[in-house]
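Content type PDB, C-alpha atoms, from the file run-v6.pdb:
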```
ATOM      1  CA  MET F   1     -13.968   8.143  11.541
ATOM      2  CA  ASP F   2     -12.836   4.856  12.996
ATOM      3  CA  ASP F   3     -15.082   1.810  13.362
ATOM      4  CA  VAL F   4     -12.644  -0.076  15.598
ATOM      5  CA  GLN F   5     -13.956   0.391  19.117
ATOM      6  CA  THR F   6     -11.501  -1.354  21.456
ATOM      7  CA  ILE F   7      -7.804  -2.115  21.653
ATOM      8  CA  GLU F   8      -8.632  -5.828  21.795
ATOM      9  CA  GLN F   9     -10.677  -5.543  18.627
ATOM     10  CA  ALA F  10      -7.878  -3.625  16.931
ATOM     11  CA  GLU F  11      -5.288  -6.213  17.928
ATOM     12  CA  ALA F  12      -7.459  -9.038  16.605
ATOM     13  CA  LEU F  13      -7.882  -7.228  13.288
ATOM     14  CA  LYS F  14      -4.177  -6.483  13.154
ATOM     15  CA  ALA F  15      -3.321 -10.132  13.699
ATOM     16  CA  LYS F  16      -5.639 -11.050  10.834
ATOM     17  CA  LEU F  17      -4.114  -8.364   8.599
ATOM     18  CA  THR F  18      -0.589  -9.502   9.448
ATOM     19  CA  ALA F  19      -1.504 -13.056   8.486
ATOM     20  CA  THR F  20      -3.010 -11.736   5.260
ATOM     21  CA  TRP F  21       0.141  -9.870   4.236
ATOM     22  CA  GLN F  22       2.326 -12.791   5.274
ATOM     23  CA  ALA F  23       0.406 -14.969   2.808
ATOM     24  CA  GLY F  24       1.738 -15.297  -0.716
ATOM     25  CA  ASP F  25       4.667 -13.138  -1.755
ATOM     26  CA  PHE F  26       3.769  -9.496  -2.326
ATOM     27  CA  ALA F  27       7.116  -8.820  -3.991
ATOM     28  CA  GLU F  28       5.840 -10.748  -7.022
ATOM     29  CA  ILE F  29       2.966  -8.258  -7.291
ATOM     30  CA  ALA F  30       5.163  -5.247  -6.551
ATOM     31  CA  LYS F  31       7.281  -6.017  -9.614
ATOM     32  CA  SER F  32       4.323  -5.144 -11.838
ATOM     33  CA  ILE F  33       4.130  -1.556 -10.548
ATOM     34  CA  GLU F  34       7.831  -0.760 -10.038
ATOM     35  CA  GLN F  35       7.811   1.975 -12.673
ATOM     36  CA  GLY F  36       4.829   3.675 -11.055
ATOM     37  CA  ALA F  37       6.576   3.562  -7.671
ATOM     38  CA  GLU F  38       9.660   5.205  -9.165
ATOM     39  CA  ASP F  39       7.463   7.890 -10.724
ATOM     40  CA  PHE F  40       5.806   8.556  -7.353
ATOM     41  CA  VAL F  41       9.185   9.012  -5.657
ATOM     42  CA  SER F  42      10.564  11.196  -8.460
ATOM     43  CA  ARG F  43       7.743  13.720  -7.942
ATOM     44  CA  LEU F  44       8.824  14.165  -4.305
ATOM     45  CA  ASN F  45      12.095  15.810  -5.405
ATOM     46  CA  LEU F  46      13.933  14.411  -2.400
ATOM     47  CA  ARG F  47      17.152  16.212  -1.536
ATOM     48  CA  PRO F  48      20.351  14.315  -0.676
ATOM     49  CA  GLY F  49      20.507  13.663   3.055
ATOM     50  CA  VAL F  50      16.800  14.209   3.747
ATOM     51  CA  ARG F  51      15.554  11.760   6.393
ATOM     52  CA  VAL F  52      12.778   9.632   4.895
ATOM     53  CA  LEU F  53      10.566   7.030   6.549
ATOM     54  CA  ASP F  54       8.720   4.658   4.226
ATOM     55  CA  VAL F  55       5.755   3.241   6.151
ATOM     56  CA  ALA F  56       4.562  -0.222   5.073
ATOM     57  CA  CYS F  57       7.507  -0.304   2.684
ATOM     58  CA  GLY F  58       7.013  -3.832   1.360
ATOM     59  CA  ASN F  59      10.079  -5.069  -0.484
ATOM     60  CA  GLY F  60      11.372  -1.556  -1.144
ATOM     61  CA  ASN F  61       9.490  -0.319  -4.215
ATOM     62  CA  THR F  62       9.587   3.274  -2.959
ATOM     63  CA  ALA F  63      12.343   3.122  -0.345
ATOM     64  CA  ILE F  64      15.026   2.053  -2.818
ATOM     65  CA  PRO F  65      14.328   4.783  -5.399
ATOM     66  CA  ALA F  66      14.317   7.297  -2.524
ATOM     67  CA  ALA F  67      17.711   6.007  -1.385
ATOM     68  CA  LYS F  68      19.026   6.215  -4.947
ATOM     69  CA  ALA F  69      17.989   9.883  -4.925
ATOM     70  CA  GLY F  70      20.361  10.372  -1.986
ATOM     71  CA  ALA F  71      17.849  10.327   0.865
ATOM     72  CA  ASP F  72      18.660   8.771   4.242
ATOM     73  CA  VAL F  73      15.935   6.103   4.103
ATOM     74  CA  THR F  74      14.344   3.885   6.719
ATOM     75  CA  GLY F  75      11.678   1.401   5.661
ATOM     76  CA  VAL F  76       9.292  -0.279   8.082
ATOM     77  CA  ASP F  77       6.767  -3.039   7.419
ATOM     78  CA  ILE F  78       4.717  -5.471   9.479
ATOM     79  CA  ALA F  79       5.669  -8.444   7.260
ATOM     80  CA  GLY F  80       9.093  -9.746   8.210
ATOM     81  CA  TYR F  81       9.679 -11.631   4.966
ATOM     82  CA  LEU F  82       9.203  -8.408   2.969
ATOM     83  CA  ILE F  83      11.768  -6.641   5.148
ATOM     84  CA  ALA F  84      14.212  -9.472   4.462
ATOM     85  CA  GLN F  85      13.559  -9.084   0.741
ATOM     86  CA  ALA F  86      14.032  -5.300   0.948
ATOM     87  CA  VAL F  87      17.401  -5.781   2.666
ATOM     88  CA  GLU F  88      18.509  -8.207  -0.032
ATOM     89  CA  ARG F  89      17.185  -5.972  -2.806
ATOM     90  CA  SER F  90      19.035  -2.925  -1.467
ATOM     91  CA  ARG F  91      22.233  -4.972  -1.311
ATOM     92  CA  ARG F  92      21.711  -6.231  -4.840
ATOM     93  CA  GLU F  93      21.022  -2.717  -6.169
ATOM     94  CA  CYS F  94      23.963  -1.243  -4.202
ATOM     95  CA  VAL F  95      21.980   1.302  -2.201
ATOM     96  CA  ILE F  96      22.186   2.113   1.488
ATOM     97  CA  ALA F  97      18.883   1.971   3.349
ATOM     98  CA  LYS F  98      17.684   0.684   6.703
ATOM     99  CA  PHE F  99      14.773  -1.760   6.903
ATOM    100  CA  GLU F 100      12.967  -2.882  10.059
ATOM    101  CA  VAL F 101       9.905  -4.859  11.093
ATOM    102  CA  GLY F 102       7.383  -2.559  12.714
ATOM    103  CA  ASP F 103       3.751  -1.525  13.031
ATOM    104  CA  ALA F 104       2.384   1.610  11.309
ATOM    105  CA  GLU F 105       0.126   2.135  14.315
ATOM    106  CA  ASP F 106       3.061   2.041  16.735
ATOM    107  CA  LEU F 107       6.131   3.267  14.882
ATOM    108  CA  PRO F 108       9.381   2.462  16.742
ATOM    109  CA  TYR F 109      10.908   5.928  16.278
ATOM    110  CA  GLU F 110      11.346   9.095  18.295
ATOM    111  CA  SER F 111       9.071  12.038  17.637
ATOM    112  CA  GLU F 112      10.105  14.321  14.759
ATOM    113  CA  SER F 113      12.765  11.853  13.591
ATOM    114  CA  PHE F 114      12.088  12.320   9.875
ATOM    115  CA  ASP F 115      11.875  15.143   7.348
ATOM    116  CA  SER F 116       9.515  13.184   5.123
ATOM    117  CA  VAL F 117       7.160  10.262   5.720
ATOM    118  CA  ILE F 118       5.932   8.376   2.669
ATOM    119  CA  THR F 119       3.655   5.397   2.128
ATOM    120  CA  MET F 120       2.500   3.839  -1.127
ATOM    121  CA  PHE F 121      -0.461   1.448  -0.965
ATOM    122  CA  GLY F 122       0.602   0.552   2.573
ATOM    123  CA  ALA F 123      -0.621   2.581   5.540
ATOM    124  CA  MET F 124      -4.091   2.674   3.975
ATOM    125  CA  PHE F 125      -4.609  -0.939   5.113
ATOM    126  CA  THR F 126      -4.213  -0.413   8.876
ATOM    127  CA  PRO F 127      -7.301  -1.039  11.059
ATOM    128  CA  ARG F 128      -7.219   2.352  12.843
ATOM    129  CA  PRO F 129      -6.706   5.255  10.415
ATOM    130  CA  ASP F 130      -6.753   7.859  13.190
ATOM    131  CA  VAL F 131      -3.950   6.081  15.063
ATOM    132  CA  THR F 132      -1.938   5.645  11.870
ATOM    133  CA  ILE F 133      -2.084   9.300  10.854
ATOM    134  CA  SER F 134      -1.307  10.320  14.430
ATOM    135  CA  GLU F 135       1.848   8.171  14.330
ATOM    136  CA  ILE F 136       2.841   9.532  10.915
ATOM    137  CA  LYS F 137       2.441  13.057  12.263
ATOM    138  CA  ARG F 138       4.399  12.246  15.424
ATOM    139  CA  VAL F 139       7.511  10.951  13.679
ATOM    140  CA  CYS F 140       7.507  13.712  11.029
ATOM    141  CA  ARG F 141       9.179  16.964  12.041
ATOM    142  CA  ALA F 142       7.225  20.212  12.038
ATOM    143  CA  GLY F 143       7.452  21.610   8.528
ATOM    144  CA  GLY F 144       8.200  18.170   7.097
ATOM    145  CA  GLU F 145       6.143  16.573   4.340
ATOM    146  CA  ILE F 146       4.029  13.466   4.187
ATOM    147  CA  ALA F 147       3.213  11.752   0.894
ATOM    148  CA  MET F 148       0.696   8.969   0.410
ATOM    149  CA  ALA F 149      -0.467   6.936  -2.568
ATOM    150  CA  ASN F 150      -3.891   5.405  -1.869
ATOM    151  CA  TRP F 151      -6.171   3.342  -4.096
ATOM    152  CA  THR F 152      -9.466   5.081  -4.875
ATOM    153  CA  PRO F 153     -12.892   3.463  -4.486
ATOM    154  CA  SER F 154     -13.727   3.883  -8.175
ATOM    155  CA  GLY F 155     -10.350   2.851  -9.583
ATOM    156  CA  PHE F 156      -9.504  -0.632 -10.818
ATOM    157  CA  VAL F 157      -8.051  -1.899  -7.531
ATOM    158  CA  GLY F 158     -11.042  -0.464  -5.671
ATOM    159  CA  GLN F 159     -13.272  -2.433  -8.030
ATOM    160  CA  MET F 160     -11.152  -5.544  -7.520
ATOM    161  CA  PHE F 161     -11.640  -5.226  -3.747
ATOM    162  CA  LYS F 162     -15.382  -4.732  -4.313
ATOM    163  CA  THR F 163     -15.561  -7.824  -6.524
ATOM    164  CA  THR F 164     -13.700  -9.929  -3.983
ATOM    165  CA  GLY F 165     -15.837  -8.547  -1.167
ATOM    166  CA  LYS F 166     -18.997  -9.850  -2.845
ATOM    167  CA  HIS F 167     -17.657 -13.366  -2.333
ATOM    168  CA  VAL F 168     -15.723 -12.882   0.935
ATOM    169  CA  PRO F 169     -16.981  -9.860   2.895
ATOM    170  CA  PRO F 170     -14.262  -8.049   4.884
ATOM    171  CA  PRO F 171     -14.529  -7.811   8.692
ATOM    172  CA  ALA F 172     -17.400  -5.472   9.545
ATOM    173  CA  ALA F 173     -15.273  -3.455  11.985
ATOM    174  CA  LEU F 174     -12.479  -2.828   9.473
ATOM    175  CA  PRO F 175     -12.707   0.575   7.777
ATOM    176  CA  SER F 176     -12.512   0.227   4.025
ATOM    177  CA  PRO F 177      -8.897   0.895   2.986
ATOM    178  CA  VAL F 178     -10.029   2.731  -0.149
ATOM    179  CA  LEU F 179     -11.539   5.491   2.004
ATOM    180  CA  TRP F 180      -7.941   6.770   2.034
ATOM    181  CA  GLY F 181      -8.537   7.415  -1.673
ATOM    182  CA  ASP F 182     -11.561   9.642  -0.988
ATOM    183  CA  PRO F 183     -10.544  13.333  -0.761
ATOM    184  CA  ASP F 184     -13.225  14.275   1.764
ATOM    185  CA  THR F 185     -12.207  11.443   4.083
ATOM    186  CA  VAL F 186      -8.530  12.366   3.741
ATOM    187  CA  ARG F 187      -9.256  16.000   4.641
ATOM    188  CA  GLN F 188     -11.170  14.849   7.713
ATOM    189  CA  ARG F 189      -8.383  12.523   8.816
ATOM    190  CA  LEU F 190      -5.613  15.074   8.310
ATOM    191  CA  GLY F 191      -7.633  17.727  10.130
ATOM    192  CA  GLN F 192      -5.740  20.749  11.439
ATOM    193  CA  ASP F 193      -2.462  18.882  11.834
ATOM    194  CA  PHE F 194      -1.365  19.461   8.229
ATOM    195  CA  ARG F 195      -1.298  22.397   5.827
ATOM    196  CA  ASN F 196      -0.740  22.844   2.095
ATOM    197  CA  VAL F 197      -2.712  19.688   1.461
ATOM    198  CA  GLU F 198      -2.580  18.625  -2.187
ATOM    199  CA  MET F 199      -4.559  15.692  -3.560
ATOM    200  CA  THR F 200      -4.000  14.610  -7.137
ATOM    201  CA  PRO F 201      -5.591  11.631  -8.924
ATOM    202  CA  ARG F 202      -2.920   9.558 -10.664
ATOM    203  CA  MET F 203      -2.847   6.403 -12.752
ATOM    204  CA  ILE F 204      -0.479   3.484 -12.347
ATOM    205  CA  ALA F 205      -0.010   0.542 -14.693
ATOM    206  CA  PHE F 206      -0.027  -3.104 -13.684
ATOM    207  CA  THR F 207       2.133  -4.804 -16.306
ATOM    208  CA  PHE F 208       2.322  -8.565 -16.753
ATOM    209  CA  PRO F 209       3.866 -10.677 -19.549
ATOM    210  CA  PHE F 210       0.823 -12.972 -19.583
ATOM    211  CA  GLY F 211      -2.923 -12.743 -20.063
ATOM    212  CA  PRO F 212      -5.719 -11.845 -17.611
ATOM    213  CA  GLU F 213      -6.530 -15.432 -16.617
ATOM    214  CA  ALA F 214      -2.908 -16.008 -15.617
ATOM    215  CA  VAL F 215      -2.908 -12.650 -13.810
ATOM    216  CA  VAL F 216      -5.799 -13.774 -11.614
ATOM    217  CA  GLU F 217      -3.916 -16.958 -10.764
ATOM    218  CA  HIS F 218      -0.811 -14.859 -10.091
ATOM    219  CA  PHE F 219      -2.767 -12.749  -7.599
ATOM    220  CA  ARG F 220      -4.308 -15.858  -6.048
ATOM    221  CA  GLN F 221      -0.857 -17.253  -5.452
ATOM    222  CA  PHE F 222       1.072 -14.134  -4.445
ATOM    223  CA  TYR F 223      -1.276 -11.322  -3.296
ATOM    224  CA  GLY F 224      -2.185 -11.863   0.350
ATOM    225  CA  PRO F 225      -5.786 -10.519   0.277
ATOM    226  CA  THR F 226      -6.627 -12.524  -2.851
ATOM    227  CA  ASN F 227      -4.840 -15.597  -1.525
ATOM    228  CA  LYS F 228      -6.821 -15.480   1.717
ATOM    229  CA  ALA F 229     -10.111 -14.817  -0.089
ATOM    230  CA  PHE F 230      -9.739 -17.935  -2.217
ATOM    231  CA  ALA F 231      -8.688 -19.997   0.792
ATOM    232  CA  ALA F 232     -11.859 -18.980   2.632
ATOM    233  CA  LEU F 233     -14.121 -20.442  -0.066
ATOM    234  CA  GLU F 234     -15.227 -23.913  -1.042
ATOM    235  CA  PRO F 235     -13.892 -25.065  -4.448
ATOM    236  CA  GLU F 236     -17.072 -24.299  -6.406
ATOM    237  CA  LYS F 237     -17.274 -20.818  -4.902
ATOM    238  CA  GLN F 238     -13.597 -20.267  -5.654
ATOM    239  CA  GLU F 239     -14.425 -20.763  -9.322
ATOM    240  CA  LEU F 240     -17.132 -18.094  -9.132
ATOM    241  CA  LEU F 241     -14.662 -15.642  -7.632
ATOM    242  CA  ARG F 242     -12.073 -16.567 -10.238
ATOM    243  CA  SER F 243     -14.576 -16.020 -13.038
ATOM    244  CA  ASP F 244     -15.553 -12.579 -11.756
ATOM    245  CA  LEU F 245     -11.929 -11.506 -11.354
ATOM    246  CA  GLU F 246     -10.986 -12.802 -14.795
ATOM    247  CA  GLU F 247     -13.875 -10.836 -16.275
ATOM    248  CA  LEU F 248     -12.734  -7.671 -14.463
ATOM    249  CA  TRP F 249      -9.107  -8.003 -15.585
ATOM    250  CA  SER F 250     -10.119  -8.838 -19.156
ATOM    251  CA  ALA F 251     -12.519  -5.904 -19.403
ATOM    252  CA  ASN F 252      -9.812  -3.469 -18.261
ATOM    253  CA  ASN F 253      -6.867  -4.956 -20.167
ATOM    254  CA  THR F 254      -5.470  -2.521 -22.741
ATOM    255  CA  GLU F 255      -3.465  -5.239 -24.528
ATOM    256  CA  SER F 256      -4.625  -7.922 -26.971
ATOM    257  CA  ASN F 257      -1.391  -9.831 -27.564
ATOM    258  CA  GLY F 258      -1.479 -12.294 -24.700
ATOM    259  CA  THR F 259      -0.045  -9.818 -22.183
ATOM    260  CA  THR F 260      -1.760  -7.572 -19.641
ATOM    261  CA  ILE F 261      -1.575  -3.868 -18.901
ATOM    262  CA  VAL F 262      -4.293  -2.536 -16.621
ATOM    263  CA  TYR F 263      -4.351   1.026 -15.300
ATOM    264  CA  SER F 264      -5.646   1.820 -11.833
ATOM    265  CA  GLU F 265      -6.382   5.184 -10.291
ATOM    266  CA  TYR F 266      -4.882   6.228  -6.989
ATOM    267  CA  LEU F 267      -4.939   9.430  -4.965
ATOM    268  CA  GLU F 268      -1.603  11.081  -4.379
ATOM    269  CA  VAL F 269      -1.712  12.998  -1.102
ATOM    270  CA  ARG F 270       0.949  15.496  -0.096
ATOM    271  CA  ALA F 271       0.818  17.717   2.953
ATOM    272  CA  VAL F 272       3.073  19.664   5.317
ATOM    273  CA  ARG F 273       3.057  18.788   8.991
ATOM    274  CA  VAL F 274       2.101  21.789  11.161
TER     275      VAL F 274
END
```

Could you quickly redo this structure as structure tokens?
Amino acid sequence: MDDVQTIEQAEALKAKLTATWQAGDFAEIAKSIEQGAEDFVSRLNLRPGVRVLDVACGNGNTAIPAAKAGADVTGVDIAGYLIAQAVERSRRECVIAKFEVGDAEDLPYESESFDSVITMFGAMFTPRPDVTISEIKRVCRAGGEIAMANWTPSGFVGQMFKTTGKHVPPPAALPSPVLWGDPDTVRQRLGQDFRNVEMTPRMIAFTFPFGPEAVVEHFRQFYGPTNKAFAALEPEKQELLRSDLEELWSANNTESNGTTIVYSEYLEVRAVRV
């Protein structure tokens, strides 16, 4: 299940992942899928007062809608600048939520502290999936629900990762994050610790007020994995990566008016903690 063999190896990968997500400014990417994040939260039907933990919360795309629904929300993320942005965003949008820097593989909370644990395109990127799901289970009370949104291998983002990986292969020891979008893998990872497991393919729209070429540059500047991939290449090889990404975005763009709307599949996972 997990290709990471030692704690030292895991820590080295985690340091690299932290540097990746510290690069750029993910909030600029998160803006393009805000509506999809709100839709994800709305399907959870959160009750006022329910204790929610948003793991790898970013700048609050899911935590803030959950707080607006009346939930008692805590968001945790490994990137400190995103936590600072989430705090400012919650203040600006007049919602009460708590945001903290923390590691999804070592959550700084007591066991069974939350009624619901959610993560959207976040926990799927940790280097040790077994440790991550064990931590999510630990902090969720018995009978509580977990909800995940995970990119699928065949969806647009999965294809974007595949395209980038042809130019800059990911670390060999790092499990592919899109395995969290494979139902068989998810069932294996959840094991006997969860019941009433529901997995539903969903689509989410990336919406930008500019064309595909500008979108690729936007990702190069603001999306950590893309930023780091370009930085790892010599200039001529950067142009090859750029060309491939522009082709991918253009081929999937549903607009023809100088703007971009691209739909990507993800797997919505909901389960009850035993």

Residues near Ser116 of chain F, cut-off 8 Å, all atoms listed in the file, skip fewer than 2 positions along chain, as an MDAnalysis selection string
chainID F and resid 50:53 114 118 140:141 144:147

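Here the question is which of F:Ile7, F:Val215, F:Met203, F:Ile64 gets nearest to Ile96 of chain F using all atoms listed in the file, and that residue is F:Ile64.
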
Could you please determine the separation between atom CA of Phe222 of chain F and atom CA of Ala27 of chain F in Å, to one decimal place?
8.1 Å

With a distance cut-off of 8 Å and only C-alpha atoms, select the neighbouring residues of Lys14 of chain F, excluding the residue or stretch itself and same-chain residues fewer than 4 positions from it, and output the selection as an NGL selection string.
:F and (10 or 18 or 126-127)

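A straight line drawn from atom CA of Gly75 of chain F to atom CA of Arg128 of chain F is 20.2 Å long.
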
Nearby residues (only C-alpha atoms) at most 12 Å from Met160 of chain F, same-chain spacing under 2 positions excluded, as a VMD selection string:
chain F and resid 151 to 158 162 to 167 178 216 219 225 to 226 229 241 to 242 244 to 249 251 to 252 262 264

May I have the residues within 7 Å of Trp21 of chain F as a list of chain:residue names, using only C-alpha atoms and disregarding those fewer than 3 positions away in the same chain?
F:Leu17, F:Thr18, F:Ala79, F:Gly224

Could you please take those selected residues and save C-alpha atoms as a PDB file, keeping the file's coordinate frame?
```
ATOM      1  CA  LEU F  17      -4.114  -8.364   8.599  1.00  0.00           C
ATOM      2  CA  THR F  18      -0.589  -9.502   9.448  1.00  0.00           C
ATOM      3  CA  ALA F  79       5.669  -8.444   7.260  1.00  0.00           C
ATOM      4  CA  GLY F 224      -2.185 -11.863   0.350  1.00  0.00           C
TER       5      GLY F 224
END
```

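The smallest atom-to-atom distance between Pro183 of chain F and any of F:Ala142, F:Ala84, F:Leu267, F:Leu13, using only C-alpha atoms, is found for F:Leu267.
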
Once the PyMOL selection byres ((chain F and resi 175) around 10) has been evaluated on this model, what residues remain selected, and can you format them as a PyMOL selection string?
chain F and resi 1-4+124-129+170-174+176-180

What's the separation between atom CA of Glu38 of chain F and atom CA of Asn61 of chain F, in Å to one decimal place?
7.4 Å
